[in-house]
$ cat my_file.tsv   # TSV, C-alpha atoms
chain	number	residue	atom	x	y	z
A	1	MET	CA	2.67	106.50	-19.42
A	2	THR	CA	0.90	108.08	-22.35
A	3	GLU	CA	1.27	106.02	-25.48
A	4	PHE	CA	3.18	107.74	-28.26
A	5	GLN	CA	0.88	108.87	-31.03
A	6	PRO	CA	2.79	109.67	-34.24
A	7	ILE	CA	1.65	112.65	-36.27
A	8	GLU	CA	0.38	111.29	-39.55
A	9	MET	CA	0.99	113.20	-42.77
A	10	SER	CA	-2.09	114.20	-44.75
A	11	GLU	CA	-2.65	112.04	-47.81
A	12	ASP	CA	-2.91	115.28	-49.80
A	13	PHE	CA	0.23	116.84	-48.35
A	14	GLU	CA	2.56	115.67	-51.10
A	15	ASP	CA	0.09	116.81	-53.77
A	16	GLU	CA	-0.04	120.24	-52.12
A	17	LEU	CA	3.74	120.49	-52.33
A	18	GLU	CA	3.67	119.59	-56.01
A	19	VAL	CA	1.05	122.30	-56.65
A	20	ASN	CA	3.20	124.81	-54.80
A	21	LEU	CA	6.18	123.80	-56.91
A	22	HIS	CA	4.14	124.32	-60.05
A	23	GLU	CA	3.16	127.74	-58.80
A	24	ILE	CA	6.81	128.56	-58.12
A	25	ASP	CA	7.72	127.49	-61.63
A	26	SER	CA	4.95	129.69	-63.03
A	27	ASN	CA	6.07	132.60	-60.87
A	28	ARG	CA	9.64	132.09	-62.07
A	29	MET	CA	8.55	132.45	-65.71
A	30	THR	CA	6.51	135.56	-64.88
A	31	GLN	CA	9.36	137.03	-62.92
A	32	LYS	CA	11.78	136.42	-65.81
A	33	SER	CA	9.49	138.34	-68.13
A	34	SER	CA	9.15	141.13	-65.61
A	35	CYS	CA	12.90	141.35	-65.18
A	36	LYS	CA	13.31	142.01	-68.86
A	37	LYS	CA	10.98	144.97	-68.52
A	38	SER	CA	11.61	146.65	-65.23
A	39	CYS	CA	12.61	144.20	-62.46
A	40	LYS	CA	16.14	143.23	-61.64
A	41	LEU	CA	15.29	140.25	-59.42
A	42	GLY	CA	18.23	137.85	-59.60
A	43	VAL	CA	17.89	134.46	-61.28
A	44	LYS	CA	19.84	132.90	-58.41
A	45	THR	CA	17.03	133.79	-56.00
A	46	ILE	CA	14.47	132.04	-58.17
A	47	ILE	CA	16.65	128.94	-58.52
A	48	PHE	CA	17.17	128.90	-54.76
A	49	LEU	CA	13.40	128.89	-54.15
A	50	VAL	CA	12.88	126.06	-56.62
A	51	ILE	CA	15.65	123.97	-55.02
A	52	LEU	CA	14.20	124.66	-51.57
A	53	ALA	CA	10.78	123.45	-52.64
A	54	MET	CA	12.22	120.33	-54.26
A	55	ALA	CA	14.20	119.60	-51.10
A	56	ALA	CA	11.00	119.85	-49.08
A	57	ILE	CA	9.32	117.32	-51.34
A	58	PHE	CA	12.26	114.92	-51.01
A	59	ILE	CA	12.29	115.16	-47.22
A	60	PHE	CA	8.59	114.40	-46.90
A	61	LYS	CA	8.71	111.60	-49.45
A	62	THR	CA	11.47	109.86	-47.55
A	63	ARG	CA	10.06	110.64	-44.13
A	64	ARG	CA	9.18	107.62	-41.99
A	65	ILE	CA	7.11	107.47	-38.85
A	66	PRO	CA	9.47	106.06	-36.21
A	67	PRO	CA	8.37	102.67	-34.84
A	68	LYS	CA	7.14	102.53	-31.31
A	69	SER	CA	9.78	101.38	-28.89
A	70	ASN	CA	8.91	98.85	-26.22
A	71	ALA	CA	9.29	101.57	-23.63
A	72	GLU	CA	6.50	103.49	-25.34
A	73	VAL	CA	4.02	100.60	-25.10
A	74	VAL	CA	4.39	100.12	-21.35
A	75	VAL	CA	1.06	100.70	-19.67
A	76	ASN	CA	1.43	99.66	-16.05
A	77	LEU	CA	4.49	98.46	-14.20
A	78	ASP	CA	2.82	98.29	-10.79
A	79	VAL	CA	2.25	94.55	-11.15
A	80	PRO	CA	2.83	91.84	-8.51
A	81	THR	CA	5.48	89.27	-9.33
A	82	ALA	CA	4.41	85.73	-10.15
A	83	SER	CA	5.38	84.47	-6.70
A	84	GLU	CA	3.52	87.32	-4.97
A	85	THR	CA	0.45	86.58	-7.08
A	86	ILE	CA	0.50	82.88	-6.20
A	87	GLU	CA	1.26	83.41	-2.51
A	88	THR	CA	-1.67	85.79	-2.07
A	89	ASN	CA	-3.99	83.70	-4.27
A	90	LEU	CA	-4.71	86.52	-6.71
A	91	PRO	CA	-6.41	85.94	-10.09
A	92	TYR	CA	-4.25	86.26	-13.19
A	93	LEU	CA	-4.02	85.46	-16.89
A	94	ILE	CA	-1.28	83.35	-18.49
A	95	TYR	CA	0.25	84.68	-21.68
A	96	GLY	CA	-0.06	82.04	-24.39
A	97	THR	CA	2.62	81.91	-27.09
A	98	ALA	CA	1.40	79.41	-29.69
A	99	TRP	CA	1.42	80.27	-33.43
A	100	LYS	CA	3.29	83.55	-33.05
A	101	LYS	CA	6.25	82.36	-35.14
A	102	GLU	CA	8.87	85.05	-35.86
A	103	SER	CA	6.83	87.65	-33.91
A	104	THR	CA	7.09	85.64	-30.69
A	105	SER	CA	10.01	87.55	-29.17
A	106	MET	CA	8.47	90.97	-29.80
A	107	LEU	CA	5.01	89.94	-28.57
A	108	VAL	CA	6.31	88.28	-25.41
A	109	GLU	CA	8.51	91.27	-24.63
A	110	ASP	CA	5.55	93.62	-25.07
A	111	ALA	CA	3.34	91.36	-22.94
A	112	VAL	CA	5.84	91.38	-20.08
A	113	LEU	CA	6.41	95.13	-20.33
A	114	LYS	CA	2.66	95.63	-20.11
A	115	GLY	CA	2.33	93.44	-17.05
A	116	PHE	CA	2.11	89.71	-17.83
A	117	ARG	CA	4.23	87.64	-15.43
A	118	PHE	CA	2.96	84.13	-16.29
A	119	ILE	CA	4.00	82.61	-19.62
A	120	ASP	CA	3.04	79.33	-21.31
A	121	THR	CA	4.98	77.72	-24.15
A	122	ALA	CA	6.07	74.30	-25.47
A	123	ASN	CA	9.11	72.69	-27.02
A	124	GLN	CA	7.10	71.98	-30.14
A	125	PRO	CA	8.61	73.94	-33.06
A	126	LYS	CA	5.62	73.02	-35.19
A	127	HIS	CA	3.46	75.48	-33.24
A	128	TYR	CA	5.75	77.36	-30.83
A	129	ASN	CA	8.91	79.44	-31.03
A	130	GLU	CA	10.31	78.63	-27.60
A	131	LYS	CA	13.60	80.42	-28.27
A	132	GLY	CA	11.62	83.56	-29.10
A	133	VAL	CA	9.83	83.28	-25.75
A	134	GLY	CA	13.19	83.20	-23.98
A	135	ALA	CA	14.47	86.20	-25.90
A	136	GLY	CA	11.27	88.13	-25.23
A	137	TRP	CA	10.91	87.67	-21.50
A	138	THR	CA	14.62	88.23	-20.77
A	139	ALA	CA	14.71	91.44	-22.83
A	140	ALA	CA	11.69	92.81	-20.98
A	141	ALA	CA	13.01	91.69	-17.59
A	142	SER	CA	16.28	93.51	-18.24
A	143	LYS	CA	14.41	96.74	-19.03
A	144	LEU	CA	12.19	96.41	-15.96
A	145	GLY	CA	14.93	95.38	-13.55
A	146	LEU	CA	13.20	92.05	-12.84
A	147	GLU	CA	14.77	88.65	-12.19
A	148	ARG	CA	13.92	85.08	-13.17
A	149	LYS	CA	12.22	84.48	-9.80
A	150	ASP	CA	9.70	87.21	-10.62
A	151	PHE	CA	8.24	85.13	-13.46
A	152	TYR	CA	6.38	81.88	-13.94
A	153	LEU	CA	7.53	79.89	-16.97
A	154	GLN	CA	5.81	76.67	-17.97
A	155	THR	CA	6.53	74.57	-21.02
A	156	LYS	CA	5.40	71.24	-22.42
A	157	PHE	CA	6.84	67.96	-23.59
A	158	SER	CA	5.14	66.92	-26.85
A	159	LYS	CA	5.22	63.38	-28.21
A	160	VAL	CA	6.61	62.45	-31.63
A	161	SER	CA	3.22	62.29	-33.37
A	162	ASN	CA	2.56	65.93	-32.44
A	163	GLN	CA	5.89	67.19	-33.81
A	164	ASP	CA	7.12	68.25	-37.23
A	165	ILE	CA	9.32	65.33	-38.28
A	166	ASN	CA	11.61	67.80	-40.09
A	167	ASN	CA	12.10	69.98	-37.02
A	168	MET	CA	12.28	67.72	-33.99
A	169	PRO	CA	13.32	68.98	-30.54
A	170	TYR	CA	14.79	65.57	-29.70
A	171	ASN	CA	15.97	62.38	-31.38
A	172	GLU	CA	12.84	60.48	-32.40
A	173	THR	CA	14.72	57.17	-32.09
A	174	SER	CA	15.54	57.78	-28.42
A	175	SER	CA	13.69	56.05	-25.60
A	176	LEU	CA	10.64	57.84	-24.21
A	177	SER	CA	12.57	58.90	-21.11
A	178	GLU	CA	15.47	60.25	-23.16
A	179	MET	CA	13.05	62.21	-25.33
A	180	VAL	CA	11.76	63.94	-22.20
A	181	PHE	CA	15.27	64.77	-20.99
A	182	GLU	CA	16.39	66.05	-24.40
A	183	SER	CA	13.25	68.15	-24.76
A	184	VAL	CA	13.63	69.74	-21.34
A	185	LYS	CA	17.33	70.40	-21.91
A	186	GLY	CA	16.37	72.29	-25.05
A	187	SER	CA	13.63	74.18	-23.22
A	188	LEU	CA	16.05	75.37	-20.54
A	189	GLN	CA	18.41	76.67	-23.21
A	190	HIS	CA	15.64	78.32	-25.22
A	191	LEU	CA	14.04	79.97	-22.20
A	192	GLN	CA	17.41	81.03	-20.73
A	193	THR	CA	16.70	79.53	-17.34
A	194	ASP	CA	18.04	76.76	-15.14
A	195	TYR	CA	14.64	75.62	-13.87
A	196	LEU	CA	11.01	75.43	-14.97
A	197	ASP	CA	8.07	76.43	-12.82
A	198	ALA	CA	6.03	73.71	-14.50
A	199	LEU	CA	6.49	70.96	-17.07
A	200	ILE	CA	3.30	69.77	-18.74
A	201	LEU	CA	2.69	66.56	-20.65
A	202	HIS	CA	1.17	67.99	-23.82
A	203	SER	CA	-1.12	65.01	-24.38
A	204	PRO	CA	-1.42	61.42	-23.16
A	205	TYR	CA	-0.10	58.47	-25.16
A	206	THR	CA	-2.37	55.81	-26.58
A	207	SER	CA	-1.44	53.41	-23.80
A	208	MET	CA	-1.30	54.23	-20.10
A	209	GLU	CA	1.97	52.28	-19.90
A	210	GLU	CA	3.69	54.74	-22.26
A	211	THR	CA	2.05	57.69	-20.55
A	212	LEU	CA	3.36	56.56	-17.17
A	213	THR	CA	6.85	55.94	-18.57
A	214	VAL	CA	6.99	59.54	-19.74
A	215	TRP	CA	5.49	60.72	-16.46
A	216	GLN	CA	8.12	58.93	-14.43
A	217	ALA	CA	10.85	60.67	-16.47
A	218	MET	CA	9.14	63.97	-15.70
A	219	GLU	CA	8.98	63.06	-12.01
A	220	SER	CA	12.75	62.56	-11.96
A	221	LEU	CA	13.17	66.17	-13.11
A	222	VAL	CA	11.21	67.29	-10.08
A	223	ASP	CA	13.43	65.11	-7.91
A	224	ASN	CA	16.59	66.84	-9.13
A	225	GLY	CA	15.13	70.35	-8.90
A	226	THR	CA	14.98	71.10	-12.62
A	227	VAL	CA	11.17	71.30	-12.53
A	228	LEU	CA	9.05	72.59	-9.66
A	229	GLN	CA	5.70	71.02	-10.56
A	230	LEU	CA	4.06	68.84	-13.19
A	231	GLY	CA	0.92	69.14	-15.24
A	232	ILE	CA	-1.12	67.45	-17.95
A	233	SER	CA	-2.84	68.80	-21.04
A	234	ASN	CA	-5.41	67.61	-23.58
A	235	PHE	CA	-6.79	64.94	-21.26
A	236	TYR	CA	-10.40	64.55	-22.39
A	237	LYS	CA	-11.15	61.03	-21.19
A	238	TYR	CA	-12.01	61.10	-17.52
A	239	ASP	CA	-10.63	57.62	-16.90
A	240	THR	CA	-7.28	58.63	-18.39
A	241	LEU	CA	-7.11	61.55	-15.96
A	242	THR	CA	-7.95	59.46	-12.92
A	243	ASP	CA	-5.66	56.58	-13.95
A	244	LEU	CA	-2.67	58.84	-14.32
A	245	TYR	CA	-3.41	60.65	-11.09
A	246	ASN	CA	-3.82	57.45	-9.10
A	247	ASN	CA	-0.63	55.89	-10.50
A	248	ALA	CA	1.58	58.98	-10.31
A	249	ARG	CA	4.15	59.21	-7.52
A	250	ILE	CA	4.26	63.00	-7.96
A	251	LYS	CA	0.71	64.13	-8.65
A	252	PRO	CA	-0.09	66.64	-11.41
A	253	THR	CA	-0.98	70.08	-10.09
A	254	ILE	CA	-2.20	71.47	-13.44
A	255	LEU	CA	-4.82	70.36	-15.96
A	256	GLN	CA	-4.74	72.43	-19.16
A	257	ASN	CA	-7.56	71.70	-21.59
A	258	HIS	CA	-9.30	73.24	-24.58
A	259	LEU	CA	-12.47	74.94	-23.36
A	260	LYS	CA	-15.52	74.87	-25.60
A	261	THR	CA	-18.54	75.60	-23.48
A	262	ILE	CA	-21.05	73.31	-25.21
A	263	THR	CA	-18.78	70.26	-24.80
A	264	PHE	CA	-17.40	71.20	-21.37
A	265	ASP	CA	-17.29	68.24	-18.98
A	266	PRO	CA	-17.79	69.58	-15.42
A	267	ARG	CA	-16.29	66.42	-13.91
A	268	PHE	CA	-12.81	67.64	-14.85
A	269	LEU	CA	-13.29	70.97	-13.09
A	270	GLN	CA	-14.71	69.23	-10.05
A	271	PHE	CA	-11.71	66.87	-10.02
A	272	THR	CA	-9.25	69.77	-10.03
A	273	ARG	CA	-11.11	71.42	-7.16
A	274	GLU	CA	-11.11	68.27	-5.09
A	275	HIS	CA	-7.40	67.52	-5.73
A	276	ASN	CA	-5.96	71.03	-5.34
A	277	MET	CA	-5.10	71.31	-9.04
A	278	GLN	CA	-5.23	74.38	-11.24
A	279	TYR	CA	-7.54	74.19	-14.24
A	280	GLN	CA	-6.05	76.12	-17.16
A	281	ALA	CA	-8.10	76.78	-20.30
A	282	PHE	CA	-6.95	77.56	-23.83
A	283	TRP	CA	-8.90	78.71	-26.92
A	284	THR	CA	-11.48	80.17	-24.55
A	285	LEU	CA	-12.36	83.04	-26.88
A	286	THR	CA	-11.76	81.54	-30.32
A	287	SER	CA	-13.81	78.42	-29.62
A	288	ASN	CA	-16.75	80.33	-28.17
A	289	THR	CA	-17.04	83.24	-30.60
A	290	HIS	CA	-20.64	82.40	-31.51
A	291	HIS	CA	-21.77	82.54	-27.90
A	292	LEU	CA	-19.88	85.75	-27.16
A	293	GLU	CA	-21.81	87.41	-30.00
A	294	LYS	CA	-25.14	86.73	-28.29
A	295	SER	CA	-27.04	89.84	-27.23
A	296	ASP	CA	-27.67	88.66	-23.67
A	297	ILE	CA	-23.93	88.15	-23.05
A	298	LYS	CA	-23.14	91.50	-24.63
A	299	ASN	CA	-25.71	93.14	-22.37
A	300	MET	CA	-24.40	91.44	-19.23
A	301	ALA	CA	-20.86	92.51	-20.13
A	302	ALA	CA	-21.93	96.08	-20.93
A	303	ARG	CA	-23.54	96.45	-17.51
A	304	LYS	CA	-20.07	95.87	-16.06
A	305	GLY	CA	-18.37	98.09	-18.59
A	306	LEU	CA	-16.57	95.14	-20.16
A	307	SER	CA	-16.23	93.59	-23.58
A	308	PRO	CA	-17.79	90.11	-23.92
A	309	GLN	CA	-14.25	88.71	-24.10
A	310	LEU	CA	-13.15	90.18	-20.76
A	311	TYR	CA	-16.49	89.21	-19.26
A	312	MET	CA	-15.74	85.64	-20.36
A	313	TYR	CA	-12.35	85.78	-18.64
A	314	ALA	CA	-13.98	87.07	-15.46
A	315	PHE	CA	-16.52	84.25	-15.60
A	316	LEU	CA	-13.83	81.58	-15.89
A	317	LEU	CA	-11.80	83.09	-13.06
A	318	ALA	CA	-14.95	83.04	-10.91
A	319	LEU	CA	-15.14	79.29	-11.62
A	320	GLN	CA	-11.48	78.85	-10.59
A	321	ILE	CA	-10.39	78.39	-14.20
A	322	THR	CA	-7.28	80.30	-15.30
A	323	PRO	CA	-7.42	81.33	-18.98
A	324	LEU	CA	-4.49	81.46	-21.37
A	325	ASP	CA	-4.48	84.80	-23.14
A	326	GLY	CA	-2.63	84.88	-26.47
A	327	SER	CA	-3.53	88.46	-27.34
A	328	LYS	CA	-1.45	90.30	-29.93
A	329	THR	CA	-3.40	93.57	-29.83
A	330	HIS	CA	-5.22	94.05	-26.49
A	331	GLN	CA	-2.53	93.08	-23.98
A	332	ALA	CA	-2.71	96.38	-22.08
A	333	GLU	CA	-6.50	96.17	-21.76
A	334	ASP	CA	-6.26	92.62	-20.42
A	335	VAL	CA	-3.56	93.54	-17.88
A	336	ASP	CA	-5.59	96.51	-16.66
A	337	PHE	CA	-8.55	94.17	-16.26
A	338	PHE	CA	-6.82	91.55	-14.10
A	339	LEU	CA	-5.05	94.21	-12.02
A	340	LYS	CA	-8.45	95.64	-11.08
A	341	LEU	CA	-9.56	92.15	-10.09
A	342	GLN	CA	-6.38	91.67	-8.06
A	343	ASN	CA	-6.66	94.88	-6.07
A	344	GLY	CA	-10.34	94.34	-5.35
A	345	THR	CA	-11.56	97.53	-7.00
A	346	PHE	CA	-13.65	95.64	-9.51
A	347	GLN	CA	-16.24	92.97	-8.81
A	348	VAL	CA	-17.79	91.22	-11.79
A	349	PHE	CA	-19.60	88.07	-10.67
A	350	GLU	CA	-20.90	89.06	-7.28
A	351	THR	CA	-23.61	86.41	-6.87
A	352	GLU	CA	-24.19	82.78	-7.73
A	353	GLU	CA	-27.07	83.93	-9.91
A	354	ASP	CA	-24.66	85.96	-12.05
A	355	ILE	CA	-22.53	82.86	-12.65
A	356	ILE	CA	-25.53	80.69	-13.49
A	357	ALA	CA	-26.89	83.30	-15.91
A	358	MET	CA	-23.59	83.41	-17.80
A	359	ALA	CA	-23.28	79.62	-17.82
A	360	ASP	CA	-26.81	79.32	-19.23
A	361	ALA	CA	-26.02	81.88	-21.94
A	362	LEU	CA	-22.90	79.89	-22.85
A	363	ASP	CA	-24.74	76.53	-22.78
A	364	MET	CA	-22.03	75.43	-20.34
A	365	PRO	CA	-22.78	72.79	-17.69
A	366	LEU	CA	-21.39	73.46	-14.23
A	367	PRO	CA	-20.25	71.00	-11.52
$ encode --input "my_file.tsv" --output "structure tokens"
Amino acid sequence: MTEFQPIEMSEDFEDELEVNLHEIDSNRMTQKSSCKKSCKLGVKTIIFLVILAMAAIFIFKTRRIPPKSNAEVVVNLDVPTASETIETNLPYLIYGTAWKKESTSMLVEDAVLKGFRFIDTANQPKHYNEKGVGAGWTAAASKLGLERKDFYLQTKFSKVSNQDINNMPYNETSSLSEMVFESVKGSLQHLQTDYLDALILHSPYTSMEETLTVWQAMESLVDNGTVLQLGISNFYKYDTLTDLYNNARIKPTILQNHLKTITFDPRFLQFTREHNMQYQAFWTLTSNTHHLEKSDIKNMAARKGLSPQLYMYAFLLALQITPLDGSKTHQAEDVDFFLKLQNGTFQVFETEEDIIAMADALDMPLP
């Protein structure tokens, strides 16, 4: 669908009208003088012309360009559902919703209308508007005729120290297990769903004992069908990752970590590969801006007709890393990109040498 392009009024248009009005006023005075001599042009006609010109000025002064409707920002609706994407092992991007505040609902709705089917959030009011996520995806789904099963919704349980004490999603005096249950209950209400595709532990606790207590509460939510799978986030000590994994009754299937190439620990990626886990990466663009400005990366990306940012996404997907994409302005471009990857019409990293060259440019060690 062609995006609506509003016709913008010239900056000089209003000035032109005022000049015309001045000319009309001048003409009126001339015509009055002429009437006294030989012309019988009626005064009412002159007044009518003046009023007409003034009305034109008023209309254009109060004119507003109509806002784009969500229907007008739709780019491509021929997008596989989340379940179809997973079942056929297609690459995809996850829409990230942190720090979008009161714009969350609008941005999530636009993202879904443009083609995103995977959404990440957290019941952490300090940084996320989970209720806005729920409003956004359901509004878009209604317009597209999609159902809950067509989407992938993952949220996070965040510990007390990572919350705003004045805006808690649970009672901070509750037991650790009760905090998990209260948080998830709130997430279900906010997201307008009766189950979660994934529940992620936002960060480990100081002690493994506390971490496992919370994990066991999360496991019980898988047992009763509220949650389909579990994940972990912000695990940067390798021993913490392996300890949790070895002691968990229900193993994590997701590791979501901040990705900064120069501090990337390849052991974590290797672990996810060996244990059938998905590696999700956040801040992949923001944290690596300096590298993406390098001329060699720009040149490599240009040879594929891509921006350095999309080339970075393609690189991570080639490594079996799924990026979170929190775009506010280039959602359609990103959807078009991963759809081309999904349908096989676009190959970016075709050889191992291509991957190594990008990794070297990013100063990123590989497994």
$ closest_residue --input "my_file.tsv" --among "A:Asn129, A:Leu228, A:Pro308, A:Asp243" --to "Glu293 in chain A" --atoms "all atoms listed in the file"
A:Pro308
$ closest_residue --input "my_file.tsv" --among "A:Ile355, A:Leu341, A:Leu362, A:Leu310" --to "Asn288 in chain A" --atoms "only C-alpha atoms"
A:Leu362
$ atom_distance --input "my_file.tsv" --atom1 "CA of Tyr152 in chain A" --atom2 "CA of Asp197 in chain A"
5.8 Å
$ residues_around --input "my_file.tsv" --residues "range 113-128 of chain A" --least-positions-apart "6" --cutoff "7 Å" --atoms "all atoms listed in the file" --output "ChimeraX atom specification"
/A:74-77,79,81-82,94-99,101,140,151-158,163-164,167,169,183,187,331-332,335
$ atom_distance --input "my_file.tsv" --atom1 "CA of Gly344 in chain A" --atom2 "CA of Asn89 in chain A"
12.4 Å
$ atom_distance --input "my_file.tsv" --atom1 "CA of Leu269 in chain A" --atom2 "CA of Asp239 in chain A"
14.1 Å
$ closest_residue --input "my_file.tsv" --among "A:Ser233, A:Leu176, A:Val108, A:Asn257" --to "Leu191 in chain A" --atoms "only C-alpha atoms"
A:Val108
$ closest_residue --input "my_file.tsv" --among "A:Thr329, A:Ser207, A:Thr213, A:Thr322" --to "His258 in chain A" --atoms "only C-alpha atoms"
A:Thr322
$ closest_residue --input "my_file.tsv" --among "A:Asp296, A:Glu352, A:Asp325, A:Glu182" --to "Ala111 in chain A" --atoms "only C-alpha atoms"
A:Asp325
$ closest_residue --input "my_file.tsv" --among "A:Lys131, A:Val112, A:Leu93, A:Leu196" --to "Leu146 in chain A" --atoms "only C-alpha atoms"
A:Val112
$ residues_around --input "my_file.tsv" --residues "Asn234 in chain A" --least-positions-apart "2" --cutoff "8 Å" --atoms "all atoms listed in the file" --output "JSON, numbers by chain"
{"A": [202, 203, 204, 232, 236, 256, 257, 258]}
$ decode --input "my_file.tsv" --residues "range 332-349 of chain A" --atoms "N, CA, C and O atoms" --output "PDB file, in the first residue's frame"
ATOM      1  N   ALA A 332       9.147  -0.499   9.033  1.00  0.00           N
ATOM      2  CA  ALA A 332       8.798  -1.078   7.735  1.00  0.00           C
ATOM      3  C   ALA A 332      10.043  -1.594   7.016  1.00  0.00           C
ATOM      4  O   ALA A 332      10.027  -2.677   6.416  1.00  0.00           O
ATOM      5  N   GLU A 333      11.123  -0.828   7.078  1.00  0.00           N
ATOM      6  CA  GLU A 333      12.379  -1.243   6.439  1.00  0.00           C
ATOM      7  C   GLU A 333      12.888  -2.540   7.065  1.00  0.00           C
ATOM      8  O   GLU A 333      13.360  -3.443   6.353  1.00  0.00           O
ATOM      9  N   ASP A 334      12.796  -2.649   8.383  1.00  0.00           N
ATOM     10  CA  ASP A 334      13.282  -3.835   9.070  1.00  0.00           C
ATOM     11  C   ASP A 334      12.429  -5.067   8.745  1.00  0.00           C
ATOM     12  O   ASP A 334      12.949  -6.170   8.572  1.00  0.00           O
ATOM     13  N   VAL A 335      11.105  -4.867   8.665  1.00  0.00           N
ATOM     14  CA  VAL A 335      10.222  -5.979   8.308  1.00  0.00           C
ATOM     15  C   VAL A 335      10.516  -6.450   6.891  1.00  0.00           C
ATOM     16  O   VAL A 335      10.617  -7.648   6.620  1.00  0.00           O
ATOM     17  N   ASP A 336      10.649  -5.519   5.966  1.00  0.00           N
ATOM     18  CA  ASP A 336      10.956  -5.876   4.583  1.00  0.00           C
ATOM     19  C   ASP A 336      12.251  -6.666   4.508  1.00  0.00           C
ATOM     20  O   ASP A 336      12.368  -7.638   3.748  1.00  0.00           O
ATOM     21  N   PHE A 337      13.208  -6.280   5.337  1.00  0.00           N
ATOM     22  CA  PHE A 337      14.503  -6.969   5.384  1.00  0.00           C
ATOM     23  C   PHE A 337      14.349  -8.416   5.827  1.00  0.00           C
ATOM     24  O   PHE A 337      14.823  -9.343   5.149  1.00  0.00           O
ATOM     25  N   PHE A 338      13.666  -8.662   6.974  1.00  0.00           N
ATOM     26  CA  PHE A 338      13.620 -10.050   7.436  1.00  0.00           C
ATOM     27  C   PHE A 338      12.665 -10.905   6.605  1.00  0.00           C
ATOM     28  O   PHE A 338      12.824 -12.129   6.541  1.00  0.00           O
ATOM     29  N   LEU A 339      11.703 -10.283   5.927  1.00  0.00           N
ATOM     30  CA  LEU A 339      10.853 -11.061   5.024  1.00  0.00           C
ATOM     31  C   LEU A 339      11.652 -11.569   3.831  1.00  0.00           C
ATOM     32  O   LEU A 339      11.443 -12.697   3.366  1.00  0.00           O
ATOM     33  N   LYS A 340      12.579 -10.758   3.337  1.00  0.00           N
ATOM     34  CA  LYS A 340      13.442 -11.202   2.237  1.00  0.00           C
ATOM     35  C   LYS A 340      14.347 -12.345   2.690  1.00  0.00           C
ATOM     36  O   LYS A 340      14.622 -13.275   1.921  1.00  0.00           O
ATOM     37  N   LEU A 341      14.810 -12.276   3.934  1.00  0.00           N
ATOM     38  CA  LEU A 341      15.615 -13.375   4.460  1.00  0.00           C
ATOM     39  C   LEU A 341      14.769 -14.641   4.595  1.00  0.00           C
ATOM     40  O   LEU A 341      15.223 -15.749   4.302  1.00  0.00           O
ATOM     41  N   GLN A 342      13.516 -14.460   5.044  1.00  0.00           N
ATOM     42  CA  GLN A 342      12.637 -15.606   5.253  1.00  0.00           C
ATOM     43  C   GLN A 342      12.292 -16.322   3.956  1.00  0.00           C
ATOM     44  O   GLN A 342      12.261 -17.559   3.912  1.00  0.00           O
ATOM     45  N   ASN A 343      12.015 -15.566   2.902  1.00  0.00           N
ATOM     46  CA  ASN A 343      11.600 -16.220   1.661  1.00  0.00           C
ATOM     47  C   ASN A 343      12.765 -16.631   0.770  1.00  0.00           C
ATOM     48  O   ASN A 343      12.564 -17.155  -0.336  1.00  0.00           O
ATOM     49  N   GLY A 344      13.978 -16.403   1.255  1.00  0.00           N
ATOM     50  CA  GLY A 344      15.151 -16.889   0.543  1.00  0.00           C
ATOM     51  C   GLY A 344      15.563 -16.075  -0.665  1.00  0.00           C
ATOM     52  O   GLY A 344      16.444 -16.495  -1.436  1.00  0.00           O
ATOM     53  N   THR A 345      14.975 -14.910  -0.856  1.00  0.00           N
ATOM     54  CA  THR A 345      15.321 -14.088  -2.020  1.00  0.00           C
ATOM     55  C   THR A 345      16.545 -13.216  -1.774  1.00  0.00           C
ATOM     56  O   THR A 345      16.996 -12.527  -2.688  1.00  0.00           O
ATOM     57  N   PHE A 346      17.056 -13.264  -0.552  1.00  0.00           N
ATOM     58  CA  PHE A 346      18.156 -12.367  -0.207  1.00  0.00           C
ATOM     59  C   PHE A 346      19.161 -13.120   0.652  1.00  0.00           C
ATOM     60  O   PHE A 346      18.832 -13.603   1.731  1.00  0.00           O
ATOM     61  N   GLN A 347      20.374 -13.243   0.147  1.00  0.00           N
ATOM     62  CA  GLN A 347      21.444 -13.885   0.890  1.00  0.00           C
ATOM     63  C   GLN A 347      22.484 -12.823   1.244  1.00  0.00           C
ATOM     64  O   GLN A 347      22.982 -12.127   0.366  1.00  0.00           O
ATOM     65  N   VAL A 348      22.809 -12.731   2.515  1.00  0.00           N
ATOM     66  CA  VAL A 348      23.759 -11.708   2.945  1.00  0.00           C
ATOM     67  C   VAL A 348      25.118 -12.323   3.241  1.00  0.00           C
ATOM     68  O   VAL A 348      26.112 -12.028   2.574  1.00  0.00           O
ATOM     69  N   PHE A 349      25.180 -13.187   4.237  1.00  0.00           N
ATOM     70  CA  PHE A 349      26.454 -13.830   4.590  1.00  0.00           C
ATOM     71  C   PHE A 349      26.477 -15.227   3.968  1.00  0.00           C
ATOM     72  O   PHE A 349      25.967 -16.196   4.528  1.00  0.00           O
TER      73      PHE A 349
END
